[in-house]
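Content type compact mmCIF, C-alpha atoms and all ligand atoms, from the file protein_2.txt:
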```txt
# COMPACT_ATOMS: atom_id res chain seq x y z
CA MET F 1 46.34 26.97 -66.46
CA THR F 2 44.10 29.23 -68.53
CA LYS F 3 43.70 32.93 -67.77
CA GLN F 4 40.14 32.27 -66.63
CA GLU F 5 41.34 29.65 -64.17
CA LYS F 6 43.94 32.08 -62.88
CA ILE F 7 41.29 34.78 -62.49
CA HIS F 8 39.06 32.36 -60.61
CA ARG F 9 41.84 31.40 -58.20
CA THR F 10 42.81 35.05 -57.75
CA LEU F 11 39.26 36.14 -56.95
CA THR F 12 38.84 33.30 -54.46
CA TYR F 13 42.10 34.29 -52.79
CA LEU F 14 41.18 37.98 -52.71
CA ASP F 15 37.83 37.09 -51.12
CA GLU F 16 39.68 35.15 -48.48
CA LEU F 17 42.12 37.99 -47.78
CA PHE F 18 39.88 41.03 -48.14
CA PRO F 19 36.21 40.04 -47.98
CA ASP F 20 35.10 43.56 -47.10
CA ALA F 21 37.42 45.68 -49.26
CA HIS F 22 35.84 49.04 -49.94
CA CYS F 23 36.67 52.66 -50.69
CA GLU F 24 38.80 54.01 -47.86
CA LEU F 25 38.34 57.70 -48.60
CA HIS F 26 36.17 59.45 -46.03
CA TYR F 27 33.21 61.51 -47.24
CA GLN F 28 29.73 62.53 -46.13
CA LYS F 29 28.43 64.22 -49.25
CA ASP F 30 28.72 63.13 -52.89
CA TYR F 31 30.78 66.16 -53.89
CA GLU F 32 33.17 65.47 -51.02
CA LEU F 33 33.98 62.12 -52.62
CA VAL F 34 34.67 63.83 -55.97
CA ILE F 35 37.11 66.17 -54.26
CA ALA F 36 38.68 63.39 -52.18
CA VAL F 37 39.29 61.18 -55.24
CA MET F 38 40.79 64.13 -57.13
CA LEU F 39 43.05 64.84 -54.14
CA SER F 40 44.17 61.20 -53.97
CA ALA F 41 46.19 61.43 -57.20
CA GLN F 42 49.75 60.44 -56.41
CA THR F 43 49.17 60.23 -52.70
CA THR F 44 47.65 57.86 -50.17
CA ASP F 45 44.02 57.71 -49.06
CA GLU F 46 45.28 58.11 -45.51
CA SER F 47 46.95 61.45 -46.32
CA VAL F 48 43.78 62.64 -48.07
CA ASN F 49 41.58 61.68 -45.11
CA ALA F 50 43.95 63.57 -42.83
CA VAL F 51 43.30 66.84 -44.68
CA THR F 52 39.67 66.50 -45.78
CA ALA F 53 38.38 66.15 -42.20
CA HIS F 54 39.41 69.75 -41.51
CA LEU F 55 38.87 71.04 -45.06
CA PHE F 56 35.20 69.99 -45.15
CA THR F 57 34.59 71.36 -41.65
CA ARG F 58 36.07 74.74 -42.47
CA PHE F 59 34.29 74.85 -45.85
CA PRO F 60 31.07 72.91 -45.25
CA SER F 61 29.28 73.56 -48.57
CA LEU F 62 29.94 73.72 -52.30
CA GLU F 63 29.34 77.47 -52.14
CA SER F 64 31.97 77.98 -49.46
CA LEU F 65 34.49 75.88 -51.41
CA ALA F 66 33.72 77.73 -54.65
CA ASN F 67 34.23 81.08 -52.93
CA ALA F 68 37.29 80.12 -50.88
CA GLU F 69 40.58 81.93 -51.33
CA ILE F 70 43.04 79.72 -53.21
CA SER F 71 45.63 80.44 -50.51
CA ALA F 72 43.24 79.15 -47.82
CA LEU F 73 42.63 75.94 -49.78
CA GLU F 74 46.35 75.54 -50.35
CA SER F 75 47.06 75.83 -46.66
CA GLU F 76 44.45 73.14 -45.92
CA ILE F 77 46.00 70.60 -48.31
CA ARG F 78 49.66 71.66 -48.22
CA THR F 79 50.79 68.20 -47.06
CA LEU F 80 49.61 66.62 -50.32
CA GLY F 81 51.70 66.49 -53.49
CA LEU F 82 50.63 68.89 -56.27
CA PHE F 83 48.71 70.91 -53.68
CA ARG F 84 48.68 74.11 -55.74
CA ASN F 85 46.96 72.44 -58.70
CA LYS F 86 44.69 70.50 -56.41
CA ALA F 87 43.61 73.66 -54.58
CA ARG F 88 42.60 75.21 -57.91
CA ASN F 89 40.77 72.00 -58.79
CA ILE F 90 38.79 72.08 -55.53
CA ARG F 91 37.50 75.53 -56.40
CA GLY F 92 36.97 74.60 -60.06
CA ILE F 93 35.03 71.43 -59.25
CA SER F 94 32.84 73.27 -56.76
CA SER F 95 32.09 76.16 -59.13
CA LYS F 96 31.33 73.89 -62.06
CA LEU F 97 29.06 71.62 -60.02
CA LEU F 98 27.12 74.71 -58.92
CA ASP F 99 27.07 76.44 -62.31
CA ASP F 100 26.48 73.50 -64.64
CA PHE F 101 24.96 70.71 -62.55
CA ALA F 102 22.80 72.51 -59.99
CA GLY F 103 25.16 71.34 -57.25
CA VAL F 104 24.52 67.65 -57.98
CA VAL F 105 27.31 65.23 -58.91
CA PRO F 106 26.44 63.86 -62.36
CA GLN F 107 26.48 60.14 -63.18
CA ASN F 108 27.42 60.63 -66.80
CA LYS F 109 31.07 59.93 -67.46
CA GLU F 110 31.67 62.79 -69.89
CA ALA F 111 30.01 65.20 -67.50
CA LEU F 112 32.21 63.98 -64.65
CA MET F 113 35.30 64.31 -66.81
CA SER F 114 34.41 67.92 -67.54
CA LEU F 115 35.22 68.70 -63.89
CA PRO F 116 38.75 70.04 -63.30
CA GLY F 117 41.19 67.31 -62.26
CA VAL F 118 38.75 64.49 -63.01
CA GLY F 119 40.08 62.04 -65.59
CA ASN F 120 38.98 58.59 -66.65
CA LYS F 121 40.17 56.77 -63.51
CA THR F 122 38.66 59.32 -61.13
CA ALA F 123 35.36 59.24 -63.02
CA ASN F 124 35.32 55.43 -62.84
CA VAL F 125 35.90 55.49 -59.09
CA ILE F 126 33.12 58.05 -58.56
CA ARG F 127 30.61 56.22 -60.76
CA ALA F 128 31.35 52.92 -59.01
CA GLU F 129 31.27 54.32 -55.48
CA LEU F 130 28.36 56.76 -55.70
CA PHE F 131 26.14 55.13 -58.30
CA HIS F 132 27.22 51.46 -58.20
CA ILE F 133 27.82 51.51 -61.94
CA PRO F 134 30.09 48.60 -62.89
CA GLU F 135 33.34 50.40 -63.63
CA PHE F 136 36.85 49.06 -63.26
CA ALA F 137 39.30 51.77 -62.26
CA VAL F 138 43.01 51.12 -62.73
CA ASP F 139 45.41 52.73 -60.29
CA THR F 140 49.08 51.98 -59.70
CA HIS F 141 48.36 48.91 -57.49
CA VAL F 142 45.82 47.42 -59.87
CA ALA F 143 48.21 47.92 -62.80
CA ARG F 144 51.19 46.37 -61.02
CA VAL F 145 49.34 43.30 -59.73
CA SER F 146 47.58 42.69 -63.06
CA LYS F 147 50.96 42.71 -64.79
CA ARG F 148 52.68 40.48 -62.25
CA LEU F 149 49.92 37.91 -62.52
CA GLY F 150 50.10 37.93 -66.30
CA PHE F 151 46.54 39.13 -66.84
CA VAL F 152 47.90 41.94 -69.02
CA ASN F 153 51.17 42.61 -70.81
CA PRO F 154 54.09 44.27 -69.05
CA HIS F 155 53.98 47.35 -71.27
CA ASP F 156 50.21 47.82 -71.37
CA ASP F 157 49.07 51.31 -70.46
CA VAL F 158 46.22 52.07 -68.09
CA GLU F 159 43.66 52.12 -70.88
CA ALA F 160 44.70 48.70 -72.20
CA ILE F 161 44.74 47.25 -68.67
CA GLU F 162 41.22 48.51 -68.02
CA LYS F 163 39.96 47.02 -71.28
CA LYS F 164 41.62 43.63 -70.75
CA MET F 165 40.58 43.30 -67.11
CA ARG F 166 37.00 44.18 -68.01
CA ARG F 167 37.03 41.30 -70.48
CA LEU F 168 38.49 38.85 -67.97
CA LEU F 169 36.36 39.73 -64.94
CA PRO F 170 32.65 39.13 -64.47
CA GLU F 171 30.96 42.54 -64.58
CA SER F 172 29.45 41.87 -61.16
CA ARG F 173 33.00 41.74 -59.76
CA TYR F 174 34.42 44.96 -61.24
CA ILE F 175 33.91 47.18 -58.23
CA LYS F 176 34.84 44.70 -55.52
CA THR F 177 37.89 43.40 -57.38
CA HIS F 178 39.14 46.96 -57.91
CA HIS F 179 39.16 47.53 -54.14
CA GLN F 180 40.59 44.09 -53.39
CA LEU F 181 43.47 44.51 -55.86
CA ILE F 182 44.28 47.88 -54.27
CA HIS F 183 44.42 46.23 -50.84
CA PHE F 184 46.44 43.33 -52.22
CA GLY F 185 48.90 45.72 -53.85
CA ARG F 186 49.12 47.88 -50.77
CA TYR F 187 49.62 45.18 -48.15
CA VAL F 188 50.82 41.99 -49.89
CA CYS F 189 52.00 42.47 -53.45
CA LYS F 190 53.87 45.66 -52.61
CA ALA F 191 55.89 47.46 -55.23
CA ARG F 192 59.25 46.98 -53.55
CA GLN F 193 59.01 44.00 -51.25
CA PRO F 194 56.10 41.78 -52.21
CA GLN F 195 55.25 39.17 -49.60
CA CYS F 196 55.68 36.27 -52.02
CA LEU F 197 56.54 33.76 -49.36
CA ASN F 198 52.97 33.68 -48.06
CA CYS F 199 51.22 34.39 -51.35
CA LYS F 200 48.81 31.63 -52.36
CA ILE F 201 48.81 32.52 -56.04
CA CYS F 202 52.55 32.58 -56.52
CA ALA F 203 52.32 29.37 -58.58
CA PHE F 204 51.27 31.31 -61.66
CA CYS F 205 52.77 34.71 -60.85
CA LEU F 206 55.30 35.92 -63.40
CA GLU F 207 57.24 37.84 -60.78
CA LYS F 208 57.11 35.49 -57.88
CA ASN F 209 60.44 36.19 -56.50
CA LYS F 210 63.03 35.54 -55.13
CA ASN F 211 61.58 34.01 -51.95
CA CYS F 212 58.41 32.32 -53.20
FE1 LIG R 301 52.74 39.54 -55.80
FE2 LIG R 301 54.67 37.88 -55.02
FE3 LIG R 301 52.12 37.05 -55.00
FE4 LIG R 301 53.40 37.47 -57.29
S1 LIG R 301 53.90 35.91 -55.77
S2 LIG R 301 51.30 38.11 -56.79
S3 LIG R 301 54.74 39.24 -56.81
S4 LIG R 301 53.02 38.70 -53.73
```

Could you render the structure from this file as structure tokens?
Amino acid sequence: MTKQEKIHRTLTYLDELFPDAHCELHYQKDYELVIAVMLSAQTTDESVNAVTAHLFTRFPSLESLANAEISALESEIRTLGLFRNKARNIRGISSKLLDDFAGVVPQNKEALMSLPGVGNKTANVIRAELFHIPEFAVDTHVARVSKRLGFVNPHDDVEAIEKKMRRLLPESRYIKTHHQLIHFGRYVCKARQPQCLNCKICAFCLEKNKNC
């Protein structure tokens, strides 16, 4: 089976499993998404949603976030890993958006990456979600599943995975497939105990285990 055939079967299966996969971070305003994605580094969307509901009520504008005491921001997000850095990033993002971008989240990737705590993956997620720009963001689930299915090499880094997956996928599928692979990695192809027994693409999976 060629890689393209494997991709086709994978996309069909993902459509069957997760037809409506979408960003699960809660946000009302564009800048809230920027902050939520930054906060989601090394933690779950669920944990982020649990803190942002109160955070964005207590500090309901960019100005209030930019002027907040670091200790107050820390106490709002204390349950998240790296909360001290992330609290500084919240204030930094808010100040920079106000000072350099008139309070508007920019579409440009370099501009986004100039915000504290916003790297390539975060910028890709923001561009895809807010502006529907075809970006393919690679997180831990996307990386693991892409490797298990043999779409990329086992030792490829995030950058190489993004490049290879962009070549394999139709551009029109970048955003949807990103969300679907996250769901697949979260609920089926889990890091520790993948549900191989019921997986319909185990035929060409390199790591079908064990019970497939
Ligand atoms: Fe993941 Fe198992 Fe399916 Fe392979 S067979 S993609 S390891 S769930």

All residues having an atom within 10 Å of ligand LIG 301 (chain R) (all atoms listed in the file) as a CSV table (one decimal) with C-alpha atoms, in the coordinates of the input:
```csv
chain,number,residue,atom,x,y,z
F,10,THR,CA,42.8,35.0,-57.8
F,144,ARG,CA,51.2,46.4,-61.0
F,145,VAL,CA,49.3,43.3,-59.7
F,146,SER,CA,47.6,42.7,-63.1
F,147,LYS,CA,51.0,42.7,-64.8
F,148,ARG,CA,52.7,40.5,-62.2
F,149,LEU,CA,49.9,37.9,-62.5
F,150,GLY,CA,50.1,37.9,-66.3
F,184,PHE,CA,46.4,43.3,-52.2
F,185,GLY,CA,48.9,45.7,-53.8
F,187,TYR,CA,49.6,45.2,-48.2
F,188,VAL,CA,50.8,42.0,-49.9
F,189,CYS,CA,52.0,42.5,-53.4
F,190,LYS,CA,53.9,45.7,-52.6
F,191,ALA,CA,55.9,47.5,-55.2
F,192,ARG,CA,59.2,47.0,-53.6
F,193,GLN,CA,59.0,44.0,-51.2
F,194,PRO,CA,56.1,41.8,-52.2
F,195,GLN,CA,55.2,39.2,-49.6
F,196,CYS,CA,55.7,36.3,-52.0
F,197,LEU,CA,56.5,33.8,-49.4
F,198,ASN,CA,53.0,33.7,-48.1
F,199,CYS,CA,51.2,34.4,-51.4
F,200,LYS,CA,48.8,31.6,-52.4
F,201,ILE,CA,48.8,32.5,-56.0
F,202,CYS,CA,52.6,32.6,-56.5
F,203,ALA,CA,52.3,29.4,-58.6
F,204,PHE,CA,51.3,31.3,-61.7
F,205,CYS,CA,52.8,34.7,-60.8
F,206,LEU,CA,55.3,35.9,-63.4
F,207,GLU,CA,57.2,37.8,-60.8
F,208,LYS,CA,57.1,35.5,-57.9
F,209,ASN,CA,60.4,36.2,-56.5
F,210,LYS,CA,63.0,35.5,-55.1
F,211,ASN,CA,61.6,34.0,-52.0
F,212,CYS,CA,58.4,32.3,-53.2
```

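Residue nearest Pro106 (chain F), chosen from F:Leu73, F:Cys23, F:Ile90, F:Leu130 and counting only C-alpha atoms: F:Leu130.
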
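CA of Glu171 (chain F) sits 22.9 Å away from CA of Ala111 (chain F).
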
Separation of CA of Leu62 (chain F) from CA of Ser94 (chain F), in Å and rounded to one decimal: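 If I compute the distance from CA of Leu62 (chain F) to CA of Ser94 (chain F), I get 5.3 Å.
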
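With distances taken over all atoms listed in the file, F:Ala143 is the one residue among F:Ile175, F:Ala21, F:Ala143, F:Val105 lying closest to Ala160 (chain F).
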
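Minimum atom-to-atom distance to Ala66 (chain F), evaluated using only C-alpha atoms, belongs to F:Asp99 out of F:Asp139, F:Glu5, F:Asp99, F:Asp45.
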
Residue nearest Val34 (chain F) among F:Arg78, F:His179, F:Lys121, F:Lys164 (counting all atoms listed in the file):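 Ranked by minimum distance to Val34 (chain F), first place goes to F:Lys121.
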
Computed interatomic separation between CA of Gly92 (chain F) and CA of Val37 (chain F) (Å):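 Atom-to-atom, CA of Gly92 (chain F) to CA of Val37 (chain F), that is 14.4 Å.
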
Proximity to Glu46 (chain F) - best of F:Glu24, F:Pro170, F:Leu82, F:Val104, all atoms listed in the file: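 Using all atoms listed in the file, the shortest distance to Glu46 (chain F) belongs to F:Glu24.
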
All residues 12 Å or closer to His22 (chain F), only C-alpha atoms, same chain fewer than 6 positions away omitted, as a PyMOL selection string: chain F and resi 45+125+128-129+175-183

Restrict the selected residues to C-alpha atoms and save them as a tab-separated table (two decimals), in the frame of the given file.
```
chain	number	residue	atom	x	y	z
F	45	ASP	CA	44.02	57.71	-49.06
F	125	VAL	CA	35.90	55.49	-59.09
F	128	ALA	CA	31.35	52.92	-59.01
F	129	GLU	CA	31.27	54.32	-55.48
F	175	ILE	CA	33.91	47.18	-58.23
F	176	LYS	CA	34.84	44.70	-55.52
F	177	THR	CA	37.89	43.40	-57.38
F	178	HIS	CA	39.14	46.96	-57.91
F	179	HIS	CA	39.16	47.53	-54.14
F	180	GLN	CA	40.59	44.09	-53.39
F	181	LEU	CA	43.47	44.51	-55.86
F	182	ILE	CA	44.28	47.88	-54.27
F	183	HIS	CA	44.42	46.23	-50.84
```

Near-Phe83 (chain F) list (9 Å; all atoms listed in the file; drop same-chain fewer than 6 positions) as a ChimeraX atom specification: /F:39,73-75,77

Non-local contacts of Leu112 (chain F) (6 Å; only C-alpha atoms; under 3 positions in same chain excluded) as a VMD selection string: chain F and resid 109 115 123

Nearest candidate to Phe151 (chain F) (options F:Leu25, F:Ile7, F:Ala53, F:Leu65; using only C-alpha atoms):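 Once distances to Phe151 (chain F) are computed over only C-alpha atoms, the minimum belongs to F:Ile7.
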
Test item: residues at most 9 Å from Ile70 (chain F), only C-alpha atoms, excluding those fewer than 5 positions along its chain, as number ranges by chain: F: 75, 84, 87-88, 91
